[in-house]
$ cat coords27.pdb   # PDB, C-alpha atoms
MODEL        1
ATOM      1  CA  MET M  46      -4.251 -10.455   5.197
ATOM      2  CA  ASN M  47      -5.036  -8.889   1.847
ATOM      3  CA  PHE M  48      -1.823  -8.302  -0.080
ATOM      4  CA  ARG M  49      -3.862  -7.058  -3.038
ATOM      5  CA  SER M  50      -4.276  -3.786  -1.178
ATOM      6  CA  LEU M  51      -0.539  -3.008  -1.463
ATOM      7  CA  THR M  52       0.251   0.186  -3.348
ATOM      8  CA  ARG M  53       3.080   1.255  -5.630
ATOM      9  CA  GLY M  54       4.629   3.078  -2.697
ATOM     10  CA  ASP M  55       4.657  -0.203  -0.766
ATOM     11  CA  GLY M  56       6.462  -1.779  -3.713
ATOM     12  CA  VAL M  57       9.182   0.873  -3.473
ATOM     13  CA  VAL M  58       9.424   0.207   0.272
ATOM     14  CA  ILE M  59       9.861  -3.531  -0.338
ATOM     15  CA  GLY M  60      12.532  -2.923  -2.973
ATOM     16  CA  ALA M  61      14.449  -0.561  -0.703
ATOM     17  CA  ALA M  62      14.332  -3.104   2.137
ATOM     18  CA  VAL M  63      15.752  -5.823  -0.135
ATOM     19  CA  LEU M  64      18.524  -3.457  -1.224
ATOM     20  CA  LEU M  65      19.252  -2.624   2.408
ATOM     21  CA  PHE M  66      19.541  -6.322   3.265
ATOM     22  CA  ILE M  67      21.970  -6.914   0.393
ATOM     23  CA  ALA M  68      24.054  -3.881   1.388
ATOM     24  CA  SER M  69      24.510  -5.273   4.898
ATOM     25  CA  PHE M  70      26.714  -8.064   3.463
ATOM     26  CA  LEU M  71      28.936  -5.729   1.445
ATOM     27  CA  ASP M  72      32.096  -3.939   2.646
ATOM     28  CA  THR M  73      31.363  -1.024   4.937
ATOM     29  CA  PHE M  74      34.646   0.707   4.021
ATOM     30  CA  ASP M  75      37.313   0.079   1.407
ATOM     31  CA  ASP M  76      40.582   0.804   3.228
ATOM     32  CA  ALA M  77      41.259  -2.735   4.387
ATOM     33  CA  GLY M  78      41.291  -4.720   1.153
ATOM     34  CA  ASP M  79      39.994  -8.255   1.496
ATOM     35  CA  ASP M  80      39.795  -7.915   5.295
ATOM     36  CA  ALA M  81      37.166  -5.161   5.276
ATOM     37  CA  PRO M  82      34.162  -6.143   7.425
ATOM     38  CA  ASN M  83      30.521  -5.768   6.601
ATOM     39  CA  ALA M  84      27.695  -4.470   8.789
ATOM     40  CA  TRP M  85      27.350  -7.837  10.544
ATOM     41  CA  ALA M  86      30.707  -7.171  12.220
ATOM     42  CA  ASN M  87      29.307  -4.082  13.942
ATOM     43  CA  GLY M  88      26.208  -4.839  15.984
ATOM     44  CA  ASN M  89      25.399  -1.201  16.656
ATOM     45  CA  LEU M  90      25.469  -0.260  12.983
ATOM     46  CA  LEU M  91      23.599  -3.412  11.991
ATOM     47  CA  MET M  92      20.718  -2.794  14.408
ATOM     48  CA  SER M  93      20.423   0.988  14.113
ATOM     49  CA  MET M  94      20.595   1.205  10.327
ATOM     50  CA  TYR M  95      20.092  -2.017   8.391
ATOM     51  CA  LEU M  96      17.801  -4.180  10.534
ATOM     52  CA  LEU M  97      15.812  -1.202  11.776
ATOM     53  CA  GLY M  98      14.995  -0.223   8.187
ATOM     54  CA  ILE M  99      14.075  -3.791   7.224
ATOM     55  CA  ILE M 100      11.798  -4.157  10.258
ATOM     56  CA  GLY M 101      10.215  -0.804   9.429
ATOM     57  CA  ALA M 102       9.460  -1.944   5.874
ATOM     58  CA  ALA M 103       7.888  -5.155   7.197
ATOM     59  CA  CYS M 104       5.653  -3.147   9.550
ATOM     60  CA  ILE M 105       4.511  -0.875   6.697
ATOM     61  CA  VAL M 106       3.632  -3.802   4.420
ATOM     62  CA  LEU M 107       1.848  -5.774   7.155
ATOM     63  CA  GLY M 108      -0.034  -2.686   8.263
ATOM     64  CA  ARG M 109      -1.325  -2.142   4.724
ATOM     65  CA  ALA M 110      -2.193  -5.815   4.211
ATOM     66  CA  THR M 111      -4.191  -6.005   7.451
ATOM     67  CA  GLY M 112      -6.069  -2.776   6.823
ATOM     68  CA  GLY M 113      -4.691  -1.108   9.944
ATOM     69  CA  GLN M 114      -6.409  -3.566  12.290
ATOM     70  CA  ARG M 115      -3.260  -4.765  14.043
ATOM     71  CA  LYS M 116      -1.721  -2.350  16.513
ATOM     72  CA  ILE M 117       1.237  -2.322  18.888
ATOM     73  CA  VAL M 118       0.835  -0.336  22.122
ATOM     74  CA  GLY M 119      -2.047   1.481  20.476
ATOM     75  CA  LEU M 120      -0.063   2.498  17.384
ATOM     76  CA  ASP M 121      -0.799   1.366  13.851
ATOM     77  CA  LEU M 122       1.834  -0.883  12.278
ATOM     78  CA  GLY M 123       2.205   1.547   9.395
ATOM     79  CA  GLN M 124       2.979   4.428  11.761
ATOM     80  CA  ILE M 125       5.592   2.354  13.566
ATOM     81  CA  GLY M 126       7.129   1.331  10.244
ATOM     82  CA  ILE M 127       7.426   4.951   9.084
ATOM     83  CA  ALA M 128       9.126   5.912  12.350
ATOM     84  CA  PHE M 129      11.591   3.016  11.996
ATOM     85  CA  ALA M 130      12.339   3.946   8.364
ATOM     86  CA  ILE M 131      13.097   7.564   9.287
ATOM     87  CA  ALA M 132      15.307   6.422  12.191
ATOM     88  CA  SER M 133      17.196   4.085   9.843
ATOM     89  CA  ALA M 134      17.818   6.900   7.362
ATOM     90  CA  TRP M 135      19.038   9.164  10.164
ATOM     91  CA  SER M 136      21.441   6.483  11.403
ATOM     92  CA  SER M 137      22.767   5.963   7.889
ATOM     93  CA  LEU M 138      23.575   9.672   7.598
ATOM     94  CA  GLY M 139      25.434   9.554  10.902
ATOM     95  CA  ALA M 140      27.422   6.504   9.812
ATOM     96  CA  ILE M 141      28.432   7.907   6.442
ATOM     97  CA  PHE M 142      29.663  11.211   7.938
ATOM     98  CA  ASP M 143      31.439   9.681  10.922
ATOM     99  CA  THR M 144      33.070   6.497   9.713
ATOM    100  CA  ASP M 145      35.995   7.015  12.104
ATOM    101  CA  GLN M 146      33.676   6.743  15.098
ATOM    102  CA  SER M 147      31.726   3.875  13.571
ATOM    103  CA  PHE M 148      34.642   1.707  12.427
ATOM    104  CA  GLY M 149      37.683   2.925  14.372
ATOM    105  CA  PHE M 150      37.540  -0.229  16.469
ATOM    106  CA  PHE M 151      38.446  -2.269  13.402
ATOM    107  CA  PHE M 152      41.527  -0.198  12.654
ATOM    108  CA  ASP M 153      42.637  -0.517  16.286
ATOM    109  CA  ALA M 154      42.266  -4.273  16.091
ATOM    110  CA  LEU M 155      44.350  -4.458  12.913
ATOM    111  CA  SER M 156      47.007  -2.301  14.532
ATOM    112  CA  LYS M 157      47.324  -4.679  17.487
ATOM    113  CA  ILE M 158      47.811  -7.711  15.282
ATOM    114  CA  GLY M 159      50.281  -5.891  13.012
ATOM    115  CA  GLY M 160      47.970  -5.474  10.085
ATOM    116  CA  GLY M 161      49.574  -2.160   9.270
ATOM    117  CA  LEU M 162      46.216  -0.567   8.591
ATOM    118  CA  GLY M 163      45.256   0.575  12.041
ATOM    119  CA  ARG M 164      46.183   3.585  14.062
ATOM    120  CA  GLN M 165      49.633   3.639  15.575
ATOM    121  CA  ASN M 166      49.559   5.126  19.104
ATOM    122  CA  GLY M 167      46.351   6.892  18.362
ATOM    123  CA  SER M 168      47.586   8.210  15.020
ATOM    124  CA  GLY M 169      46.762   7.023  11.554
ATOM    125  CA  PRO M 170      44.040   7.735   9.042
ATOM    126  CA  GLU M 171      41.567  10.175  10.502
ATOM    127  CA  SER M 172      38.577   8.590   8.837
ATOM    128  CA  PRO M 173      38.318   5.475   6.633
ATOM    129  CA  ASP M 174      36.609   5.759   3.293
ATOM    130  CA  ALA M 175      33.031   4.495   3.179
ATOM    131  CA  GLY M 176      32.666   1.270   1.237
ATOM    132  CA  VAL M 177      30.005   0.143  -1.191
ATOM    133  CA  GLY M 178      27.971  -1.503   1.552
ATOM    134  CA  LEU M 179      27.674   1.715   3.543
ATOM    135  CA  ILE M 180      26.980   3.877   0.480
ATOM    136  CA  LEU M 181      24.384   1.471  -0.884
ATOM    137  CA  GLY M 182      22.833   1.188   2.566
ATOM    138  CA  LEU M 183      22.578   4.973   2.792
ATOM    139  CA  ILE M 184      20.792   5.159  -0.574
ATOM    140  CA  ALA M 185      18.415   2.312   0.349
ATOM    141  CA  ALA M 186      17.606   3.823   3.750
ATOM    142  CA  LEU M 187      16.860   7.248   2.251
ATOM    143  CA  VAL M 188      14.648   5.734  -0.459
ATOM    144  CA  LEU M 189      12.868   3.632   2.152
ATOM    145  CA  ALA M 190      12.124   6.612   4.380
ATOM    146  CA  GLY M 191      11.061   8.776   1.441
ATOM    147  CA  ALA M 192       8.688   6.145   0.045
ATOM    148  CA  ALA M 193       7.233   5.398   3.486
ATOM    149  CA  VAL M 194       6.269   9.044   3.951
ATOM    150  CA  ALA M 195       5.316   9.861   0.342
ATOM    151  CA  THR M 196       2.993   6.860  -0.068
ATOM    152  CA  ASN M 197       0.325   8.625   1.990
ATOM    153  CA  ILE M 198       0.836  11.944   0.165
ATOM    154  CA  VAL M 199       1.623  11.364  -3.534
ATOM    155  CA  PRO M 200      -1.426  10.112  -5.501
ATOM    156  CA  ALA M 201       0.723   8.149  -7.978
ATOM    157  CA  LEU M 202       2.121   6.037  -5.121
ATOM    158  CA  LYS M 203      -1.379   5.270  -3.818
ATOM    159  CA  ALA M 204      -2.271   3.292  -6.952
ATOM    160  CA  PRO M 205      -2.600  -0.498  -6.507
ATOM    161  CA  LEU M 206       0.670  -2.386  -6.869
ATOM    162  CA  ALA M 207      -0.756  -5.343  -8.817
ATOM    163  CA  GLY M 208      -4.060  -3.953 -10.032
ATOM    164  CA  GLY M 209      -5.908  -5.304  -7.007
ATOM    165  CA  GLY M 210      -7.102  -8.334  -8.916
ATOM    166  CA  GLY M 211      -9.421  -6.202 -11.071
ATOM    167  CA  PRO M 212      -9.015  -5.085 -14.679
ATOM    168  CA  LYS M 213      -5.487  -5.389 -15.991
ATOM    169  CA  ALA M 214      -5.471  -1.795 -17.226
ATOM    170  CA  PRO M 215      -7.195   1.245 -15.695
ATOM    171  CA  GLN M 216     -10.677   1.657 -17.069
ATOM    172  CA  PRO M 217     -12.216   5.077 -17.730
ATOM    173  CA  TYR M 218     -15.207   5.844 -15.576
ATOM    174  CA  GLY M 219     -18.312   4.476 -17.254
ATOM    175  CA  GLY M 220     -16.311   2.054 -19.421
ATOM    176  CA  GLN M 221     -17.269  -1.590 -19.642
ATOM    177  CA  PRO M 222     -15.526  -3.709 -16.977
ATOM    178  CA  GLN M 223     -13.313  -6.557 -18.124
ATOM    179  CA  GLY M 224     -13.956  -8.804 -15.147
ATOM    180  CA  GLY M 225     -11.993  -9.232 -11.969
ATOM    181  CA  TYR M 226     -12.417 -10.485  -8.443
ATOM    182  CA  GLY M 227     -15.830 -12.057  -8.137
ATOM    183  CA  TYR M 228     -17.276 -10.045 -11.019
ATOM    184  CA  PRO M 229     -20.421 -11.932 -12.066
ATOM    185  CA  GLY M 230     -20.473 -11.000 -15.739
ATOM    186  CA  ALA M 231     -23.701  -9.336 -16.744
ATOM    187  CA  GLN M 232     -25.519 -10.165 -13.492
ATOM    188  CA  GLY M 233     -26.709  -7.410 -11.238
ATOM    189  CA  GLY M 234     -27.150  -4.724 -13.907
ATOM    190  CA  GLN M 235     -25.598  -3.375 -17.033
ATOM    191  CA  PRO M 236     -21.780  -3.199 -17.019
ATOM    192  CA  GLY M 237     -20.422   0.278 -16.664
ATOM    193  CA  GLN M 238     -23.733   1.709 -15.490
ATOM    194  CA  PRO M 239     -23.240   4.554 -12.980
ATOM    195  CA  TYR M 240     -24.652   3.910  -9.549
ATOM    196  CA  GLY M 241     -28.249   5.132  -9.226
ATOM    197  CA  ALA M 242     -28.935   5.260 -12.990
ATOM    198  CA  GLN M 243     -32.075   3.604 -14.325
ATOM    199  CA  PRO M 244     -31.681   0.848 -16.935
ATOM    200  CA  ALA M 245     -32.527   1.889 -20.453
ATOM    201  CA  ALA M 246     -35.937   0.868 -21.742
ATOM    202  CA  PRO M 247     -36.061  -1.491 -24.748
ATOM    203  CA  ALA M 248     -36.369   0.241 -28.083
ATOM    204  CA  GLN M 249     -39.810   0.242 -29.707
ATOM    205  CA  PRO M 250     -40.507   0.405 -33.425
ATOM    206  CA  TYR M 251     -41.469   3.850 -34.590
ATOM    207  CA  GLY M 252     -45.206   4.244 -34.279
ATOM    208  CA  GLY M 253     -45.626   0.769 -32.882
ATOM    209  CA  GLN M 254     -47.258  -0.316 -29.660
ATOM    210  CA  PRO M 255     -45.345  -1.887 -26.816
ATOM    211  CA  GLN M 256     -45.522  -5.617 -26.450
ATOM    212  CA  GLY M 257     -48.470  -6.922 -24.477
ATOM    213  CA  GLY M 258     -50.985  -4.563 -26.083
ATOM    214  CA  GLY M 259     -50.793  -1.939 -23.321
ATOM    215  CA  GLN M 260     -49.538   1.588 -23.404
ATOM    216  CA  THR M 261     -46.172   2.624 -22.121
ATOM    217  CA  PRO M 262     -46.625   3.665 -18.456
ATOM    218  CA  PRO M 263     -45.150   6.886 -17.156
ATOM    219  CA  PRO M 264     -41.803   6.573 -15.350
ATOM    220  CA  ALA M 265     -43.411   6.692 -11.913
ATOM    221  CA  GLN M 266     -45.937   4.005 -12.840
ATOM    222  CA  ALA M 267     -43.194   1.924 -14.423
ATOM    223  CA  GLN M 268     -41.239   1.997 -11.177
ATOM    224  CA  GLN M 269     -44.310   0.931  -9.208
ATOM    225  CA  ALA M 270     -44.989  -1.882 -11.666
ATOM    226  CA  GLY M 271     -41.451  -3.185 -11.192
ATOM    227  CA  ALA M 272     -39.565  -3.680  -7.970
ATOM    228  CA  PRO M 273     -41.023  -1.755  -5.022
ATOM    229  CA  ALA M 274     -39.221   1.396  -3.913
ATOM    230  CA  GLY M 275     -36.564   0.700  -1.341
ATOM    231  CA  ASP M 276     -36.025  -2.872  -2.533
ATOM    232  CA  PHE M 277     -32.222  -3.361  -2.691
ATOM    233  CA  SER M 278     -30.424  -6.017  -4.686
ATOM    234  CA  PRO M 279     -26.682  -6.616  -4.129
ATOM    235  CA  PHE M 280     -24.502  -5.456  -6.980
ATOM    236  CA  TRP M 281     -20.829  -5.162  -7.855
ATOM    237  CA  PHE M 282     -19.119  -1.807  -8.077
ATOM    238  CA  ALA M 283     -15.716  -0.141  -8.409
ATOM    239  CA  VAL M 284     -14.490   3.175  -7.045
ATOM    240  CA  PRO M 285     -12.801   5.814  -9.257
ATOM    241  CA  VAL M 286     -10.308   6.813  -6.535
ATOM    242  CA  PRO M 287      -9.239   5.223  -3.220
ATOM    243  CA  ARG M 288     -12.100   5.451  -0.736
ATOM    244  CA  PRO M 289     -12.064   4.601   3.016
ATOM    245  CA  LEU M 290     -14.372   1.887   4.331
ATOM    246  CA  TYR M 291     -15.665   2.506   7.859
ATOM    247  CA  ALA M 292     -16.907   0.052  10.453
ATOM    248  CA  GLU M 293     -20.652  -0.592  10.622
ATOM    249  CA  ASP M 294     -20.765   0.507  14.249
ATOM    250  CA  GLY M 295     -19.995   4.097  13.249
ATOM    251  CA  SER M 296     -16.359   4.129  14.342
ATOM    252  CA  PRO M 297     -14.453   7.043  12.730
ATOM    253  CA  THR M 298     -11.392   4.871  12.051
ATOM    254  CA  PRO M 299     -11.380   3.210   8.584
ATOM    255  CA  ILE M 300     -11.134  -0.577   8.583
ATOM    256  CA  ALA M 301      -9.987  -0.806   4.955
ATOM    257  CA  GLU M 302      -9.421   1.231   1.814
ATOM    258  CA  LEU M 303     -11.230   0.444  -1.426
ATOM    259  CA  ALA M 304      -8.836   0.674  -4.364
ATOM    260  CA  PRO M 305      -9.652   1.512  -8.005
ATOM    261  CA  GLY M 306      -9.596  -1.409 -10.414
ATOM    262  CA  THR M 307     -11.129  -3.850  -7.910
ATOM    263  CA  TRP M 308     -14.751  -4.997  -7.827
ATOM    264  CA  TYR M 309     -16.509  -4.929  -4.466
ATOM    265  CA  LEU M 310     -19.944  -6.247  -3.495
ATOM    266  CA  ALA M 311     -22.576  -3.828  -2.208
ATOM    267  CA  VAL M 312     -24.787  -5.830   0.163
ATOM    268  CA  GLU M 313     -26.944  -3.113   1.718
ATOM    269  CA  GLN M 314     -27.923   0.523   1.249
ATOM    270  CA  ARG M 315     -28.140   2.967   4.161
ATOM    271  CA  GLY M 316     -29.343   6.299   2.909
ATOM    272  CA  GLN M 317     -26.662   7.631   0.574
ATOM    273  CA  SER M 318     -24.104   5.108   1.895
ATOM    274  CA  LEU M 319     -23.463   1.516   0.922
ATOM    275  CA  VAL M 320     -22.472  -1.470   3.022
ATOM    276  CA  ALA M 321     -19.684  -3.081   1.004
ATOM    277  CA  GLN M 322     -17.861  -6.395   1.339
ATOM    278  CA  THR M 323     -14.132  -6.680   0.557
ATOM    279  CA  GLN M 324     -12.269  -9.597  -1.013
ATOM    280  CA  ASP M 325     -11.410 -11.094   2.384
ATOM    281  CA  GLY M 326     -15.013 -10.989   3.619
ATOM    282  CA  ARG M 327     -14.848  -7.830   5.731
ATOM    283  CA  ARG M 328     -17.900  -5.570   5.711
ATOM    284  CA  GLY M 329     -17.979  -1.843   6.184
ATOM    285  CA  VAL M 330     -19.776   1.349   5.224
ATOM    286  CA  LEU M 331     -18.756   3.302   2.124
ATOM    287  CA  GLN M 332     -19.887   6.823   2.924
ATOM    288  CA  ASP M 333     -18.780   8.483  -0.321
ATOM    289  CA  THR M 334     -20.552   6.796  -3.248
ATOM    290  CA  THR M 335     -20.122   9.596  -5.770
ATOM    291  CA  GLY M 336     -18.761   8.482  -9.140
ATOM    292  CA  ILE M 337     -18.677   4.761  -8.402
ATOM    293  CA  GLN M 338     -18.980   2.411 -11.351
ATOM    294  CA  ARG M 339     -21.659  -0.201 -11.101
ATOM    295  CA  GLY M 340     -20.934  -3.660 -12.485
TER     296      GLY M 340
ENDMDL
END
$ encode --input "coords27.pdb" --output "structure tokens"
Amino acid sequence: MNFRSLTRGDGVVIGAAVLLFIASFLDTFDDAGDDAPNAWANGNLLMSMYLLGIIGAACIVLGRATGGQRKIVGLDLGQIGIAFAIASAWSSLGAIFDTDQSFGFFFDALSKIGGGLGRQNGSGPESPDAGVGLILGLIAALVLAGAAVATNIVPALKAPLAGGGGPKAPQPYGGQPQGGYGYPGAQGGQPGQPYGAQPAAPAQPYGGQPQGGGQTPPPAQAQQAGAPAGDFSPFWFAVPVPRPLYAEDGSPTPIAELAPGTWYLAVEQRGQSLVAQTQDGRRGVLQDTTGIQRG
């Protein structure tokens, strides 16, 4: 699993899940003083709202870390996680608007033992007030569902969560890279050189002859004198925006997503496409090579 591929939206999902877990231990309503229960006293509420949201967040994070390779009954883990997050938010809305139905059992129990807080012969408070645990759980569930959906839509949430192990700050396209995962320094070409550009020729003194006593060959002859056409040497590169990486067998489903700020190794060229290798050793075809930054 590659946790470097997590995005800012995934970070919001993780934070909302932690908040949801904490809220499950707080009072679900505030009409019973020190005897007020939390979500763990109501199995239905616990499963349909709190645990369902936490499980959904785990599925979203694992789905992103595995590049969508793991599936359950043919569905991607991320898709399952989004569905769970939306269901958790829906359950939280139902609980906050119908606390009498959700927690009336507790008032009945207090009435039987003489607590003085339950319903007397079916009468009593029509609906208990929602406590901090239920309110905080509602907020966390809504944030979780919103982040789960918006991560695939809002560009700002698609940015890498921890920089992907590449440069610490975003680099402008064409800028000199500062190092990162596997970046080999000055090997493999000039830093910041756009993909497909020819290296600059060494400067010659004005009016002088090139070293070696010969004349400067035309560009075509210079290419023939160097490496033969079609000869490919692996090089490091970075993408300006998130780009999908497809399987080498031509499958239309992406196996990973290349993130900006991370250096990847190009191991082969196929026409206008590149065969790239990710940090965890997976290989795939990058079909869109426009604007990539060569290391």
$ residues_around --input "coords27.pdb" --residues "stretch 188-198 of chain M" --least-positions-apart "3" --cutoff "12 Å" --atoms "all atoms listed in the file" --output "number ranges by chain"
M: 51-65, 94-95, 97-106, 108-109, 123-137, 181-185, 201-206, 287
$ residues_around --input "coords27.pdb" --residues "M:Gly178" --least-positions-apart "3" --cutoff "9 Å" --atoms "only C-alpha atoms" --output "PyMOL selection string"
chain M and resi 65+67-74+83-84+175+181-183
$ resolve_selection --input "coords27.pdb" --expression "the PyMOL selection byres ((chain M and resi 48) around 9)" --output "list in words"
Met46, Asn47, Arg49, Ser50, Leu51, Val106, Leu107, Arg109, Ala110, Thr111 and Gly209 of chain M
$ atom_distance --input "coords27.pdb" --atom1 "atom CA of M:Gly112" --atom2 "atom CA of M:Ile300"
5.8 Å
$ axis_aligned_box --input "coords27.pdb" --around "stretch 327-332 of chain M" --padding-each-side "4 Å" --output "JSON"
{"center_x": -17.4, "center_y": -0.5, "center_z": 4.2, "size_x": 13.0, "size_y": 22.7, "size_z": 12.1}
$ atom_distance --input "coords27.pdb" --atom1 "atom CA of M:Trp85" --atom2 "atom CA of M:Gly139"
17.5 Å
$ atom_distance --input "coords27.pdb" --atom1 "atom CA of M:Leu310" --atom2 "atom CA of M:Gln338"
11.7 Å
$ resolve_selection --input "coords27.pdb" --expression "the PyMOL selection byres ((chain M and resi 323) around 9)" --output "JSON, numbers by chain"
{"M": [301, 303, 308, 309, 310, 321, 322, 324, 325, 326, 327, 328, 329]}
$ residues_around --input "coords27.pdb" --residues "M:Pro297" --least-positions-apart "4" --cutoff "12 Å" --atoms "all atoms listed in the file" --output "PyMOL selection string"
chain M and resi 289-293+301+329-330+332
$ build_atoms --input "coords27.pdb" --residues "stretch 303-319 of chain M" --atoms "N, CA and C atoms" --output "PDB file, keeping the file's coordinate frame"
ATOM      1  N   LEU M 303     -10.834   0.997  -0.138  1.00  0.00           N
ATOM      2  CA  LEU M 303     -11.230   0.444  -1.426  1.00  0.00           C
ATOM      3  C   LEU M 303     -10.355   1.069  -2.508  1.00  0.00           C
ATOM      4  N   ALA M 304      -9.784   0.217  -3.352  1.00  0.00           N
ATOM      5  CA  ALA M 304      -8.836   0.674  -4.364  1.00  0.00           C
ATOM      6  C   ALA M 304      -9.478   0.636  -5.745  1.00  0.00           C
ATOM      7  N   PRO M 305      -9.142   1.571  -6.629  1.00  0.00           N
ATOM      8  CA  PRO M 305      -9.652   1.512  -8.005  1.00  0.00           C
ATOM      9  C   PRO M 305      -9.156   0.258  -8.709  1.00  0.00           C
ATOM     10  N   GLY M 306      -9.974  -0.225  -9.664  1.00  0.00           N
ATOM     11  CA  GLY M 306      -9.596  -1.409 -10.414  1.00  0.00           C
ATOM     12  C   GLY M 306     -10.008  -2.700  -9.764  1.00  0.00           C
ATOM     13  N   THR M 307     -10.682  -2.650  -8.620  1.00  0.00           N
ATOM     14  CA  THR M 307     -11.129  -3.850  -7.910  1.00  0.00           C
ATOM     15  C   THR M 307     -12.641  -3.803  -7.767  1.00  0.00           C
ATOM     16  N   TRP M 308     -13.295  -4.930  -7.962  1.00  0.00           N
ATOM     17  CA  TRP M 308     -14.751  -4.997  -7.827  1.00  0.00           C
ATOM     18  C   TRP M 308     -15.107  -5.405  -6.402  1.00  0.00           C
ATOM     19  N   TYR M 309     -16.022  -4.659  -5.808  1.00  0.00           N
ATOM     20  CA  TYR M 309     -16.509  -4.929  -4.466  1.00  0.00           C
ATOM     21  C   TYR M 309     -18.012  -5.171  -4.516  1.00  0.00           C
ATOM     22  N   LEU M 310     -18.532  -5.895  -3.528  1.00  0.00           N
ATOM     23  CA  LEU M 310     -19.944  -6.247  -3.495  1.00  0.00           C
ATOM     24  C   LEU M 310     -20.687  -5.336  -2.527  1.00  0.00           C
ATOM     25  N   ALA M 311     -21.699  -4.635  -3.051  1.00  0.00           N
ATOM     26  CA  ALA M 311     -22.576  -3.828  -2.208  1.00  0.00           C
ATOM     27  C   ALA M 311     -23.703  -4.710  -1.714  1.00  0.00           C
ATOM     28  N   VAL M 312     -23.826  -4.896  -0.403  1.00  0.00           N
ATOM     29  CA  VAL M 312     -24.787  -5.830   0.163  1.00  0.00           C
ATOM     30  C   VAL M 312     -25.958  -5.125   0.823  1.00  0.00           C
ATOM     31  N   GLU M 313     -25.855  -3.817   1.031  1.00  0.00           N
ATOM     32  CA  GLU M 313     -26.944  -3.113   1.718  1.00  0.00           C
ATOM     33  C   GLU M 313     -26.804  -1.621   1.445  1.00  0.00           C
ATOM     34  N   GLN M 314     -27.927  -0.920   1.432  1.00  0.00           N
ATOM     35  CA  GLN M 314     -27.923   0.523   1.249  1.00  0.00           C
ATOM     36  C   GLN M 314     -28.469   1.191   2.502  1.00  0.00           C
ATOM     37  N   ARG M 315     -27.728   2.205   2.988  1.00  0.00           N
ATOM     38  CA  ARG M 315     -28.140   2.967   4.161  1.00  0.00           C
ATOM     39  C   ARG M 315     -28.139   4.447   3.791  1.00  0.00           C
ATOM     40  N   GLY M 316     -29.274   4.923   3.349  1.00  0.00           N
ATOM     41  CA  GLY M 316     -29.343   6.299   2.909  1.00  0.00           C
ATOM     42  C   GLY M 316     -28.505   6.486   1.654  1.00  0.00           C
ATOM     43  N   GLN M 317     -27.565   7.411   1.695  1.00  0.00           N
ATOM     44  CA  GLN M 317     -26.662   7.631   0.574  1.00  0.00           C
ATOM     45  C   GLN M 317     -25.416   6.758   0.648  1.00  0.00           C
ATOM     46  N   SER M 318     -25.277   5.969   1.702  1.00  0.00           N
ATOM     47  CA  SER M 318     -24.104   5.108   1.895  1.00  0.00           C
ATOM     48  C   SER M 318     -24.415   3.683   1.486  1.00  0.00           C
ATOM     49  N   LEU M 319     -23.345   2.925   1.275  1.00  0.00           N
ATOM     50  CA  LEU M 319     -23.463   1.516   0.922  1.00  0.00           C
ATOM     51  C   LEU M 319     -22.668   0.673   1.919  1.00  0.00           C
TER      52      LEU M 319
END
